[in-house]
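Content type PDB, C-alpha atoms, from the file final15.pdb:
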ATOM      1  CA  LEU A   1       0.000   0.000   0.000
ATOM      2  CA  CYS A   2       1.657   3.211  -1.200
ATOM      3  CA  LEU A   3       0.374   6.201   0.730
ATOM      4  CA  LYS A   4       0.207   9.726  -0.594
ATOM      5  CA  ILE A   5       1.698  11.950   2.122
ATOM      6  CA  LEU A   6       1.604  15.736   2.194
ATOM      7  CA  ILE A   7       4.109  17.661   4.309
ATOM      8  CA  VAL A   8       3.036  21.231   5.056
ATOM      9  CA  GLY A   9       5.984  23.446   6.013
ATOM     10  CA  TYR A  10       9.654  22.855   5.234
ATOM     11  CA  GLY A  11      11.518  24.305   8.208
ATOM     12  CA  SER A  12      13.902  22.156  10.265
ATOM     13  CA  ILE A  13      11.234  19.655  11.404
ATOM     14  CA  GLY A  14       9.632  19.538   7.938
ATOM     15  CA  LYS A  15      13.040  18.662   6.444
ATOM     16  CA  ARG A  16      13.547  15.966   9.079
ATOM     17  CA  HIS A  17      10.181  14.312   8.381
ATOM     18  CA  THR A  18      10.740  14.515   4.608
ATOM     19  CA  ASN A  19      14.170  12.824   4.838
ATOM     20  CA  ASN A  20      12.850  10.182   7.206
ATOM     21  CA  LEU A  21       9.926   9.397   4.895
ATOM     22  CA  LEU A  22      12.308   9.105   1.935
ATOM     23  CA  ASN A  23      14.313   6.553   3.950
ATOM     24  CA  ILE A  24      11.260   4.635   5.158
ATOM     25  CA  GLY A  25      10.079   4.466   1.535
ATOM     26  CA  ASN A  26       6.795   3.244   0.054
ATOM     27  CA  ALA A  27       5.172   6.683   0.003
ATOM     28  CA  GLU A  28       4.406   9.333  -2.590
ATOM     29  CA  ILE A  29       5.596  12.558  -0.957
ATOM     30  CA  ILE A  30       4.229  16.035  -1.634
ATOM     31  CA  VAL A  31       5.611  19.163   0.032
ATOM     32  CA  CYS A  32       3.758  22.443   0.433
ATOM     33  CA  SER A  33       6.101  25.293   1.311
ATOM     34  CA  LYS A  34       7.256  28.725   0.237
ATOM     35  CA  ASN A  35      10.788  27.822   1.344
ATOM     36  CA  LYS A  36      12.990  27.986  -1.788
ATOM     37  CA  GLU A  37      15.054  25.068  -0.477
ATOM     38  CA  SER A  38      12.110  22.750  -0.996
ATOM     39  CA  PHE A  39      12.499  23.027  -4.792
ATOM     40  CA  LYS A  40      15.663  20.914  -4.571
ATOM     41  CA  LEU A  41      13.368  18.004  -3.714
ATOM     42  CA  ILE A  42      11.970  17.875  -7.249
ATOM     43  CA  LYS A  43      15.085  15.880  -8.237
ATOM     44  CA  LYS A  44      14.013  13.245  -5.700
ATOM     45  CA  GLY A  45      10.623  12.852  -7.363
ATOM     46  CA  ILE A  46       8.756  14.960  -4.804
ATOM     47  CA  LYS A  47       5.984  17.287  -5.971
ATOM     48  CA  ILE A  48       6.237  20.835  -4.613
ATOM     49  CA  PHE A  49       3.347  23.250  -4.109
ATOM     50  CA  THR A  50       3.536  26.791  -2.779
ATOM     51  CA  SER A  51      -0.173  27.058  -1.974
ATOM     52  CA  LEU A  52      -2.178  24.766   0.281
ATOM     53  CA  GLU A  53      -5.233  25.074  -1.988
ATOM     54  CA  ASP A  54      -3.251  23.481  -4.861
ATOM     55  CA  ALA A  55      -1.820  20.790  -2.579
ATOM     56  CA  LEU A  56      -5.349  19.872  -1.389
ATOM     57  CA  LYS A  57      -6.261  18.858  -4.963
ATOM     58  CA  GLU A  58      -3.757  15.992  -4.631
ATOM     59  CA  LYS A  59      -6.089  14.465  -1.992
ATOM     60  CA  PRO A  60      -3.334  13.170   0.336
ATOM     61  CA  ASP A  61      -4.106  10.089   2.466
ATOM     62  CA  ILE A  62      -1.997  11.565   5.265
ATOM     63  CA  SER A  63      -0.899  15.103   6.062
ATOM     64  CA  ILE A  64       2.057  16.025   8.246
ATOM     65  CA  ILE A  65       1.566  19.566   9.475
ATOM     66  CA  CYS A  66       4.776  21.332  10.449
ATOM     67  CA  ASN A  67       4.204  24.966   9.586
ATOM     68  CA  GLU A  68       4.280  27.616  12.347
ATOM     69  CA  THR A  69       2.326  26.771  15.510
ATOM     70  CA  SER A  70      -0.308  29.476  15.027
ATOM     71  CA  PHE A  71      -1.334  27.976  11.644
ATOM     72  CA  HIS A  72      -1.565  24.325  12.742
ATOM     73  CA  VAL A  73      -5.272  24.069  13.498
ATOM     74  CA  LYS A  74      -6.589  26.067  10.541
ATOM     75  CA  THR A  75      -4.396  23.986   8.213
ATOM     76  CA  ALA A  76      -5.551  20.764   9.898
ATOM     77  CA  ILE A  77      -9.243  21.688   9.479
ATOM     78  CA  LYS A  78      -8.837  22.106   5.692
ATOM     79  CA  LEU A  79      -7.063  18.750   5.425
ATOM     80  CA  ALA A  80      -9.464  16.922   7.744
ATOM     81  CA  LYS A  81     -12.354  18.068   5.532
ATOM     82  CA  ILE A  82     -10.859  16.117   2.604
ATOM     83  CA  ASN A  83     -10.476  12.968   4.763
ATOM     84  CA  SER A  84      -6.721  13.199   5.270
ATOM     85  CA  HIS A  85      -5.356  11.500   8.400
ATOM     86  CA  LEU A  86      -3.363  14.014  10.435
ATOM     87  CA  PHE A  87       0.048  14.132  12.054
ATOM     88  CA  ILE A  88       0.453  17.588  13.615
ATOM     89  CA  GLU A  89       3.794  18.728  14.965
ATOM     90  CA  LYS A  90       3.785  19.797  18.604
ATOM     91  CA  PRO A  91       2.424  21.955  20.070
ATOM     92  CA  LEU A  92      -1.095  21.395  18.741
ATOM     93  CA  SER A  93      -1.708  25.151  18.715
ATOM     94  CA  HIS A  94      -1.109  28.443  20.530
ATOM     95  CA  SER A  95      -4.741  28.867  21.629
ATOM     96  CA  LEU A  96      -7.951  26.861  21.961
ATOM     97  CA  ASP A  97      -9.606  28.669  19.023
ATOM     98  CA  TYR A  98     -11.104  26.404  16.346
ATOM     99  CA  GLU A  99      -9.963  23.294  18.202
ATOM    100  CA  SER A 100     -13.500  22.094  18.942
ATOM    101  CA  GLN A 101     -14.276  22.503  15.219
ATOM    102  CA  LEU A 102     -11.267  20.316  14.360
ATOM    103  CA  LEU A 103     -12.238  17.693  16.968
ATOM    104  CA  LYS A 104     -15.756  17.548  15.511
ATOM    105  CA  ILE A 105     -14.527  16.867  11.952
ATOM    106  CA  ILE A 106     -12.026  14.242  13.175
ATOM    107  CA  LYS A 107     -14.783  12.400  15.044
ATOM    108  CA  GLN A 108     -17.250  12.675  12.171
ATOM    109  CA  LYS A 109     -14.788  11.335   9.584
ATOM    110  CA  LYS A 110     -13.143   8.821  11.949
ATOM    111  CA  LEU A 111      -9.679  10.153  11.145
ATOM    112  CA  ILE A 112      -6.482   8.786  12.698
ATOM    113  CA  THR A 113      -4.595  11.661  14.307
ATOM    114  CA  MET A 114      -1.424  12.151  16.268
ATOM    115  CA  VAL A 115       0.387  15.180  17.650
ATOM    116  CA  GLY A 116       4.189  14.922  17.478
ATOM    117  CA  CYS A 117       5.594  13.769  20.816
ATOM    118  CA  ASN A 118       9.034  12.460  19.883
ATOM    119  CA  MET A 119      10.199  12.282  23.515
ATOM    120  CA  ARG A 120       7.720   9.430  24.070
ATOM    121  CA  PHE A 121       9.904   7.494  21.625
ATOM    122  CA  HIS A 122      13.151   8.299  23.433
ATOM    123  CA  ASP A 123      14.627   5.143  24.981
ATOM    124  CA  GLY A 124      15.076   6.877  28.346
ATOM    125  CA  ILE A 125      11.485   8.106  28.577
ATOM    126  CA  LYS A 126      10.185   4.721  27.352
ATOM    127  CA  LEU A 127      12.220   2.984  30.064
ATOM    128  CA  ILE A 128      10.828   5.299  32.771
ATOM    129  CA  LYS A 129       7.287   4.541  31.566
ATOM    130  CA  LYS A 130       8.027   0.809  31.770
ATOM    131  CA  LEU A 131       9.473   1.135  35.293
ATOM    132  CA  LEU A 132       6.478   3.174  36.468
ATOM    133  CA  ASP A 133       4.026   0.674  34.949
ATOM    134  CA  LYS A 134       5.864  -2.090  36.873
ATOM    135  CA  ASN A 135       5.564  -0.018  40.070
ATOM    136  CA  GLU A 136       9.366  -0.228  40.433
ATOM    137  CA  ILE A 137       9.628   2.524  43.069
ATOM    138  CA  GLY A 138       6.183   2.127  44.655
ATOM    139  CA  PRO A 139       3.526   4.850  44.789
ATOM    140  CA  ILE A 140       4.852   8.156  43.415
ATOM    141  CA  PHE A 141       4.978  11.292  45.563
ATOM    142  CA  SER A 142       6.534  13.874  43.276
ATOM    143  CA  VAL A 143       8.527  14.579  40.128
ATOM    144  CA  ILE A 144      10.918  17.335  39.016
ATOM    145  CA  ALA A 145      11.559  17.906  35.300
ATOM    146  CA  GLU A 146      14.008  20.445  33.885
ATOM    147  CA  ASN A 147      14.663  21.449  30.290
ATOM    148  CA  GLY A 148      16.977  24.398  29.699
ATOM    149  CA  SER A 149      19.138  25.287  26.706
ATOM    150  CA  TYR A 150      20.446  28.309  24.831
ATOM    151  CA  MET A 151      17.884  28.900  22.114
ATOM    152  CA  PRO A 152      20.138  30.738  19.587
ATOM    153  CA  ASP A 153      22.248  27.531  19.399
ATOM    154  CA  TRP A 154      19.324  25.301  18.337
ATOM    155  CA  HIS A 155      19.648  25.777  14.584
ATOM    156  CA  PRO A 156      23.155  27.008  13.762
ATOM    157  CA  GLY A 157      23.192  29.253  10.715
ATOM    158  CA  GLU A 158      19.596  30.385  11.276
ATOM    159  CA  ASP A 159      18.672  33.711  12.875
ATOM    160  CA  TYR A 160      16.933  32.728  16.125
ATOM    161  CA  GLN A 161      14.933  35.984  16.111
ATOM    162  CA  ILE A 162      12.876  34.900  13.098
ATOM    163  CA  SER A 163      12.189  31.401  14.427
ATOM    164  CA  TYR A 164       8.567  30.606  15.326
ATOM    165  CA  ALA A 165       9.858  29.703  18.821
ATOM    166  CA  SER A 166      10.784  33.344  19.502
ATOM    167  CA  ASN A 167       7.694  35.015  18.011
ATOM    168  CA  LYS A 168       4.414  35.569  19.804
ATOM    169  CA  LYS A 169       2.305  35.824  16.664
ATOM    170  CA  LEU A 170       3.685  32.492  15.414
ATOM    171  CA  GLY A 171       2.819  30.746  18.689
ATOM    172  CA  GLY A 172       6.318  30.695  20.196
ATOM    173  CA  GLY A 173       7.580  30.888  23.771
ATOM    174  CA  VAL A 174       9.241  28.324  26.003
ATOM    175  CA  VAL A 175       6.012  26.812  27.407
ATOM    176  CA  LEU A 176       4.541  25.733  24.061
ATOM    177  CA  THR A 177       7.816  25.134  22.226
ATOM    178  CA  GLN A 178       9.100  22.895  25.033
ATOM    179  CA  ILE A 179       5.745  21.241  25.705
ATOM    180  CA  HIS A 180       7.553  17.842  25.733
ATOM    181  CA  GLU A 181       8.017  17.882  29.510
ATOM    182  CA  ILE A 182       4.322  18.572  30.130
ATOM    183  CA  ASP A 183       3.470  15.898  27.556
ATOM    184  CA  TYR A 184       5.565  13.066  28.955
ATOM    185  CA  LEU A 185       4.578  13.836  32.560
ATOM    186  CA  CYS A 186       0.900  13.592  31.556
ATOM    187  CA  TRP A 187       1.749  10.323  29.773
ATOM    188  CA  PHE A 188       3.304   9.027  32.999
ATOM    189  CA  PHE A 189       0.833  10.358  35.560
ATOM    190  CA  GLY A 190      -2.468  11.163  33.848
ATOM    191  CA  LYS A 191      -4.533  14.302  34.011
ATOM    192  CA  VAL A 192      -3.593  17.521  35.785
ATOM    193  CA  SER A 193      -6.034  19.122  38.239
ATOM    194  CA  THR A 194      -4.247  22.331  39.321
ATOM    195  CA  VAL A 195      -1.505  24.571  37.945
ATOM    196  CA  LEU A 196       0.502  27.370  39.559
ATOM    197  CA  SER A 197       3.234  29.119  37.598
ATOM    198  CA  ILE A 198       5.645  32.020  37.278
ATOM    199  CA  THR A 199       6.433  32.460  33.612
ATOM    200  CA  GLY A 200       8.057  35.401  31.873
ATOM    201  CA  LYS A 201      11.041  36.925  30.118
ATOM    202  CA  LEU A 202      14.236  37.040  32.164
ATOM    203  CA  SER A 203      17.162  37.092  29.715
ATOM    204  CA  ASP A 204      18.324  39.709  27.220
ATOM    205  CA  LEU A 205      17.555  37.499  24.213
ATOM    206  CA  GLN A 206      15.731  39.431  21.460
ATOM    207  CA  LEU A 207      12.304  37.767  21.768
ATOM    208  CA  ASP A 208       8.733  38.921  22.358
ATOM    209  CA  VAL A 209       7.833  35.700  24.213
ATOM    210  CA  GLU A 210       8.558  34.148  27.601
ATOM    211  CA  ASP A 211      12.006  32.507  27.955
ATOM    212  CA  PHE A 212      11.457  31.103  31.461
ATOM    213  CA  SER A 213       8.764  29.094  33.193
ATOM    214  CA  SER A 214       8.636  27.526  36.622
ATOM    215  CA  SER A 215       5.442  25.620  37.359
ATOM    216  CA  ILE A 216       3.905  23.357  39.947
ATOM    217  CA  LEU A 217       1.367  20.846  38.666
ATOM    218  CA  LYS A 218      -0.931  18.813  40.835
ATOM    219  CA  PHE A 219      -2.123  15.680  39.076
ATOM    220  CA  LYS A 220      -5.565  14.199  39.715
ATOM    221  CA  ASN A 221      -3.901  11.301  41.542
ATOM    222  CA  ASN A 222      -2.267  13.873  43.903
ATOM    223  CA  ILE A 223       1.272  13.487  42.479
ATOM    224  CA  ILE A 224       3.046  16.862  42.513
ATOM    225  CA  GLY A 225       5.152  17.874  39.510
ATOM    226  CA  GLU A 226       7.646  20.732  39.207
ATOM    227  CA  ILE A 227       8.679  21.851  35.723
ATOM    228  CA  HIS A 228      11.500  24.293  34.932
ATOM    229  CA  LEU A 229      11.861  25.446  31.314
ATOM    230  CA  ASP A 230      14.218  28.053  29.880
ATOM    231  CA  TYR A 231      15.763  29.356  26.643
ATOM    232  CA  TYR A 232      19.000  30.762  28.085
ATOM    233  CA  GLN A 233      20.940  27.989  29.843
ATOM    234  CA  LYS A 234      24.428  26.827  28.835
ATOM    235  CA  PRO A 235      25.357  24.018  28.679
ATOM    236  CA  ALA A 236      21.974  22.473  27.978
ATOM    237  CA  VAL A 237      20.326  20.426  30.704
ATOM    238  CA  ARG A 238      17.410  18.008  30.498
ATOM    239  CA  THR A 239      16.601  15.825  33.465
ATOM    240  CA  CYS A 240      13.721  14.144  35.217
ATOM    241  CA  LYS A 241      13.689  12.936  38.811
ATOM    242  CA  ILE A 242      10.779  10.865  40.083
ATOM    243  CA  ILE A 243      10.481  10.219  43.820
ATOM    244  CA  GLY A 244       8.429   7.308  45.089
ATOM    245  CA  LYS A 245       7.788   5.497  48.342
ATOM    246  CA  LYS A 246      10.422   2.814  47.603
ATOM    247  CA  GLY A 247      13.090   4.897  45.862
ATOM    248  CA  LYS A 248      13.684   7.230  42.966
ATOM    249  CA  ILE A 249      14.406   7.309  39.240
ATOM    250  CA  ILE A 250      16.805   9.899  37.792
ATOM    251  CA  TRP A 251      17.094  10.368  34.031
ATOM    252  CA  ASN A 252      19.645  12.575  32.282
ATOM    253  CA  TYR A 253      19.150  13.284  28.587
ATOM    254  CA  GLU A 254      22.590  14.799  28.058
ATOM    255  CA  ASN A 255      24.596  11.717  29.112
ATOM    256  CA  ASN A 256      21.765   9.277  28.407
ATOM    257  CA  HIS A 257      21.864   7.671  31.831
ATOM    258  CA  LEU A 258      19.014   6.382  33.896
ATOM    259  CA  GLN A 259      19.617   5.670  37.576
ATOM    260  CA  ILE A 260      17.353   3.809  39.930
ATOM    261  CA  PHE A 261      17.790   4.194  43.672
ATOM    262  CA  LYS A 262      16.177   1.614  45.932
ATOM    263  CA  ASN A 263      15.548   2.596  49.567
ATOM    264  CA  SER A 264      15.688  -1.068  50.601
ATOM    265  CA  THR A 265      19.281  -1.579  49.389
ATOM    266  CA  ASN A 266      20.340   2.071  49.784
ATOM    267  CA  LYS A 267      22.057   1.738  46.379
ATOM    268  CA  PHE A 268      21.918   3.234  42.906
ATOM    269  CA  SER A 269      21.913   1.053  39.812
ATOM    270  CA  THR A 270      22.734   2.752  36.514
ATOM    271  CA  LYS A 271      21.390   1.911  33.094
ATOM    272  CA  GLN A 272      23.320   3.351  30.164
ATOM    273  CA  ILE A 273      20.602   3.698  27.571
ATOM    274  CA  ASP A 274      22.455   4.140  24.318
ATOM    275  CA  LYS A 275      26.106   5.150  24.097
ATOM    276  CA  LYS A 276      25.854   6.382  20.512
ATOM    277  CA  PHE A 277      22.641   8.342  20.963
ATOM    278  CA  ASP A 278      21.119   9.095  17.562
ATOM    279  CA  ARG A 279      18.554  11.846  18.044
ATOM    280  CA  ASN A 280      16.848  11.066  14.758
ATOM    281  CA  LYS A 281      15.924   7.535  15.865
ATOM    282  CA  MET A 282      12.960   8.718  17.940
ATOM    283  CA  TYR A 283      11.565  10.745  15.016
ATOM    284  CA  VAL A 284      11.794   7.694  12.726
ATOM    285  CA  GLU A 285      10.086   5.488  15.328
ATOM    286  CA  GLU A 286       7.369   8.084  15.817
ATOM    287  CA  LEU A 287       6.627   8.222  12.067
ATOM    288  CA  ARG A 288       6.660   4.423  11.712
ATOM    289  CA  TYR A 289       4.270   4.159  14.660
ATOM    290  CA  PHE A 290       1.859   6.697  13.125
ATOM    291  CA  LEU A 291       1.964   5.134   9.646
ATOM    292  CA  ASN A 292       1.305   1.756  11.216
ATOM    293  CA  CYS A 293      -1.727   3.097  13.085
ATOM    294  CA  VAL A 294      -3.114   4.554   9.844
ATOM    295  CA  LYS A 295      -2.584   1.288   7.933
ATOM    296  CA  ASN A 296      -4.221  -0.746  10.700
ATOM    297  CA  LYS A 297      -6.960   1.836  11.381
ATOM    298  CA  LYS A 298      -5.850   1.940  15.005
ATOM    299  CA  ASN A 299      -6.070   4.997  17.267
ATOM    300  CA  CYS A 300      -2.720   6.586  18.106
ATOM    301  CA  MET A 301      -1.385   7.686  21.455
ATOM    302  CA  ASN A 302      -1.392  11.465  21.745
ATOM    303  CA  SER A 303      -4.241  11.845  19.289
ATOM    304  CA  VAL A 304      -5.591  15.376  18.828
ATOM    305  CA  VAL A 305      -8.136  14.595  21.591
ATOM    306  CA  GLU A 306      -5.378  13.728  24.098
ATOM    307  CA  ALA A 307      -3.073  16.547  22.940
ATOM    308  CA  TYR A 308      -5.960  19.003  23.404
ATOM    309  CA  GLU A 309      -5.924  18.178  27.156
ATOM    310  CA  ILE A 310      -2.123  18.680  27.292
ATOM    311  CA  GLN A 311      -2.534  21.962  25.399
ATOM    312  CA  LYS A 312      -4.951  23.140  28.109
ATOM    313  CA  VAL A 313      -2.284  22.478  30.769
ATOM    314  CA  ALA A 314       0.304  24.545  28.826
ATOM    315  CA  LEU A 315      -2.122  27.441  28.381
ATOM    316  CA  ALA A 316      -3.101  27.239  32.074
ATOM    317  CA  ILE A 317       0.618  27.610  32.948
ATOM    318  CA  LYS A 318       0.772  30.863  30.954
ATOM    319  CA  ASN A 319      -2.565  32.032  32.325
ATOM    320  CA  SER A 320      -1.669  31.266  35.954
ATOM    321  CA  SER A 321       1.400  33.467  35.646
ATOM    322  CA  ASN A 322      -0.592  36.286  34.021
ATOM    323  CA  ILE A 323      -3.200  36.424  36.776
ATOM    324  CA  GLY A 324      -0.865  35.416  39.613
ATOM    325  CA  LYS A 325      -3.167  32.643  40.809
ATOM    326  CA  LYS A 326      -3.585  28.889  40.806
ATOM    327  CA  ILE A 327      -5.765  27.558  38.022
ATOM    328  CA  SER A 328      -7.997  24.506  38.306
ATOM    329  CA  LEU A 329      -8.516  22.362  35.239
ATOM    330  CA  LYS A 330     -11.765  20.485  34.731
TER     331      LYS A 330
END
Translate this structure into structure tokens?
Amino acid sequence: LCLKILIVGYGSIGKRHTNNLLNIGNAEIIVCSKNKESFKLIKKGIKIFTSLEDALKEKPDISIICNETSFHVKTAIKLAKINSHLFIEKPLSHSLDYESQLLKIIKQKKLITMVGCNMRFHDGIKLIKKLLDKNEIGPIFSVIAENGSYMPDWHPGEDYQISYASNKKLGGGVVLTQIHEIDYLCWFFGKVSTVLSITGKLSDLQLDVEDFSSSILKFKNNIIGEIHLDYYQKPAVRTCKIIGKKGKIIWNYENNHLQIFKNSTNKFSTKQIDKKFDRNKMYVEELRYFLNCVKNKKNCMNSVVEAYEIQKVALAIKNSSNIGKKISLK
């Protein structure tokens, strides 16, 4: 079965998905982008369109939406109307506008959807999920997740000031751009009931969005989560520490270690996840997983319905900081 796949947007993540699809094979790829670089793809047998209206006429089976955050939902609605299954890059959107309209069409047409959550395919995060499901450290009390890096270093050679991540009108800011931490914690611990946050701009980076967020999340099962996100930290740090009744789990993205401490033995055991960590592997696995779900007409994890709930948590973080109060989520 050769699928016709449309990729909307050809920035860094659009390029990654295009290359990965070329390697996976067995797909007719179409790209819709105004990025001049995309025209080089014609040599590889890929059709290029500069307008979405023209691309829609190709009636793609699947659409991968990776244009700027603020255009995700409107683009998705047009594609859902022509029965295209949807893979939407994270975050789902920058607001809750039009999302109920999108959810309605998805339900009506029984579309398979997924919102990009590549960290769920990271070996370290997958291992934590496995350990939690096995109740390895007993009931969980609390978790601390940190993700900080220097944003201008993300895409060398690109001006960070024009990136969607640094522009309010494109849906940028550290909370939505780095929604991964919120996403995987909700994957681990379920729904969030209350949010309290201080979020804002602390550094002298040239941005009109927040570059710092410190939040406390209370999950419905009473687990307490602390999340620190920033755009200005060198060297980069990404860690997660989960504290339970019988011990704790500490994961470090930068050195790809996972440590488990057991209270009973008073000892750490270390699992080296993957010495030669290939960052692209999780993106390939994520795409394979989604394509598989479409072929087998199976619902995906982090469908638009699930991602909508995670989106609400991210927006509550921003809102809590704006009003200086705790916010309760239904």
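CA of Leu96 (chain A) is positioned 10.6 Å from CA of Ser70 (chain A).
Nearest to Asn67 (chain A) of all the residues A:Lys81, A:Ser12, A:Ser38, A:Lys47 is A:Ser12, based on all atoms listed in the file.
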List the residues matched by the PyMOL selection byres ((chain A and resi 110) around 10) in the displayed structure as a count of residues only, ordered by chain and then by residue number. 14
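Distances to Tyr10 (chain A) were evaluated for A:Asn302, A:Ser203, A:Asn23, A:Thr50 using all atoms listed in the file, and the minimum falls at A:Thr50.
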For His155 (chain A), which residue out of A:Ile250, A:Leu131, A:Tyr98, A:Ile13 is the nearest one, using all atoms listed in the file? A:Ile13
With distances taken over only C-alpha atoms, which of A:Val143, A:Ala55, A:Ile182, A:Ile24 is nearest to Val8 (chain A)?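 Checking each candidate against Val8 (chain A), we get A:Ala55 as the closest.
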Kindly resolve the PyMOL selection byres ((chain A and resi 229) around 12) on the present coordinates and return the residues as a CSV table (one decimal) with C-alpha atoms, keeping the file's coordinate frame.
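Wrote it out as selection09.csv, contents follow:
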chain,number,residue,atom,x,y,z
A,144,ILE,CA,10.9,17.3,39.0
A,145,ALA,CA,11.6,17.9,35.3
A,146,GLU,CA,14.0,20.4,33.9
A,147,ASN,CA,14.7,21.4,30.3
A,148,GLY,CA,17.0,24.4,29.7
A,149,SER,CA,19.1,25.3,26.7
A,150,TYR,CA,20.4,28.3,24.8
A,151,MET,CA,17.9,28.9,22.1
A,173,GLY,CA,7.6,30.9,23.8
A,174,VAL,CA,9.2,28.3,26.0
A,175,VAL,CA,6.0,26.8,27.4
A,176,LEU,CA,4.5,25.7,24.1
A,177,THR,CA,7.8,25.1,22.2
A,178,GLN,CA,9.1,22.9,25.0
A,179,ILE,CA,5.7,21.2,25.7
A,180,HIS,CA,7.6,17.8,25.7
A,181,GLU,CA,8.0,17.9,29.5
A,182,ILE,CA,4.3,18.6,30.1
A,197,SER,CA,3.2,29.1,37.6
A,198,ILE,CA,5.6,32.0,37.3
A,199,THR,CA,6.4,32.5,33.6
A,200,GLY,CA,8.1,35.4,31.9
A,201,LYS,CA,11.0,36.9,30.1
A,202,LEU,CA,14.2,37.0,32.2
A,210,GLU,CA,8.6,34.1,27.6
A,211,ASP,CA,12.0,32.5,28.0
A,212,PHE,CA,11.5,31.1,31.5
A,213,SER,CA,8.8,29.1,33.2
A,214,SER,CA,8.6,27.5,36.6
A,215,SER,CA,5.4,25.6,37.4
A,216,ILE,CA,3.9,23.4,39.9
A,226,GLU,CA,7.6,20.7,39.2
A,227,ILE,CA,8.7,21.9,35.7
A,228,HIS,CA,11.5,24.3,34.9
A,230,ASP,CA,14.2,28.1,29.9
A,231,TYR,CA,15.8,29.4,26.6
A,232,TYR,CA,19.0,30.8,28.1
A,233,GLN,CA,20.9,28.0,29.8
A,236,ALA,CA,22.0,22.5,28.0
A,237,VAL,CA,20.3,20.4,30.7
A,238,ARG,CA,17.4,18.0,30.5
A,239,THR,CA,16.6,15.8,33.5
A,314,ALA,CA,0.3,24.5,28.8
A,317,ILE,CA,0.6,27.6,32.9
Output the residue selection produced by the PyMOL selection byres ((chain A and resi 142) around 6) on the file above, formatted as a list in words. Ile140, Phe141, Val143, Ile223, Ile224, Gly225 and Ile243 of chain A
Each region 175-264 of chain A residue no farther than 12 Å from region 120-126 of chain A, nearest pair in Å, all atoms listed in the file, as a tab-separated table:
residue	atom	partner	partner_atom	distance
A:His180	CA	A:Arg120	CA	8.6
A:Glu181	CA	A:Arg120	CA	10.1
A:Ile182	CA	A:Arg120	CA	11.5
A:Asp183	CA	A:Arg120	CA	8.5
A:Tyr184	CA	A:Arg120	CA	6.5
A:Leu185	CA	A:Ile125	CA	9.8
A:Cys186	CA	A:Arg120	CA	10.9
A:Trp187	CA	A:Arg120	CA	8.3
A:Phe188	CA	A:Ile125	CA	9.3
A:Arg238	CA	A:Gly124	CA	11.6
A:Thr239	CA	A:Gly124	CA	10.4
A:Cys240	CA	A:Ile125	CA	9.2
A:Lys241	CA	A:Ile125	CA	11.5
A:Ile242	CA	A:Ile125	CA	11.9
A:Ile249	CA	A:Gly124	CA	10.9
A:Ile250	CA	A:Gly124	CA	10.1
A:Trp251	CA	A:Gly124	CA	7.0
A:Asn252	CA	A:Gly124	CA	8.3
A:Tyr253	CA	A:Gly124	CA	7.6
A:Glu254	CA	A:Gly124	CA	10.9
A:Asn255	CA	A:Gly124	CA	10.7
A:Asn256	CA	A:Gly124	CA	7.1
A:His257	CA	A:Gly124	CA	7.7
A:Leu258	CA	A:Gly124	CA	6.8
A:Gln259	CA	A:Gly124	CA	10.4
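Nearest-residue note for Asp159 (chain A): choosing from A:Thr75, A:Gln206, A:Thr194, A:Ser269, the minimum distance belongs to A:Gln206, counting all atoms listed in the file.
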Which value, in Å to one decimal, gives the distance between CA of Lys36 (chain A) and CA of Tyr283 (chain A)?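 Going from CA of Lys36 (chain A) over to CA of Tyr283 (chain A) covers 24.1 Å.
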Atom pair CA of Cys2 (chain A) / CA of Ser93 (chain A): separation (Å): 29.8 Å
Using only C-alpha atoms, which of the listed residues (A:Lys134, A:Lys44, A:Lys169, A:Lys281) sits closest to Thr18 (chain A)?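 Smallest separation from Thr18 (chain A) among the options: A:Lys44.
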Would you mind listing what lies within 10 Å of Asn263 (chain A) as a PyMOL selection string, with only C-alpha atoms counted and same-chain residues fewer than 6 positions away left out? chain A and resi 137+244-248
Listed atoms of region 248-258 of chain A, axis-aligned box, 5 Å per side: centre and edge lengths to one decimal in Å, as JSON?
{"center_x": 19.1, "center_y": 10.6, "center_z": 35.5, "size_x": 20.9, "size_y": 18.4, "size_z": 24.9}
Env of Tyr164 (chain A): 8 Å cut, atoms = all atoms listed in the file, seq-sep filter 4 positions within chain, self excluded. Answer as number ranges by chain. A: 68-69, 168, 170-172
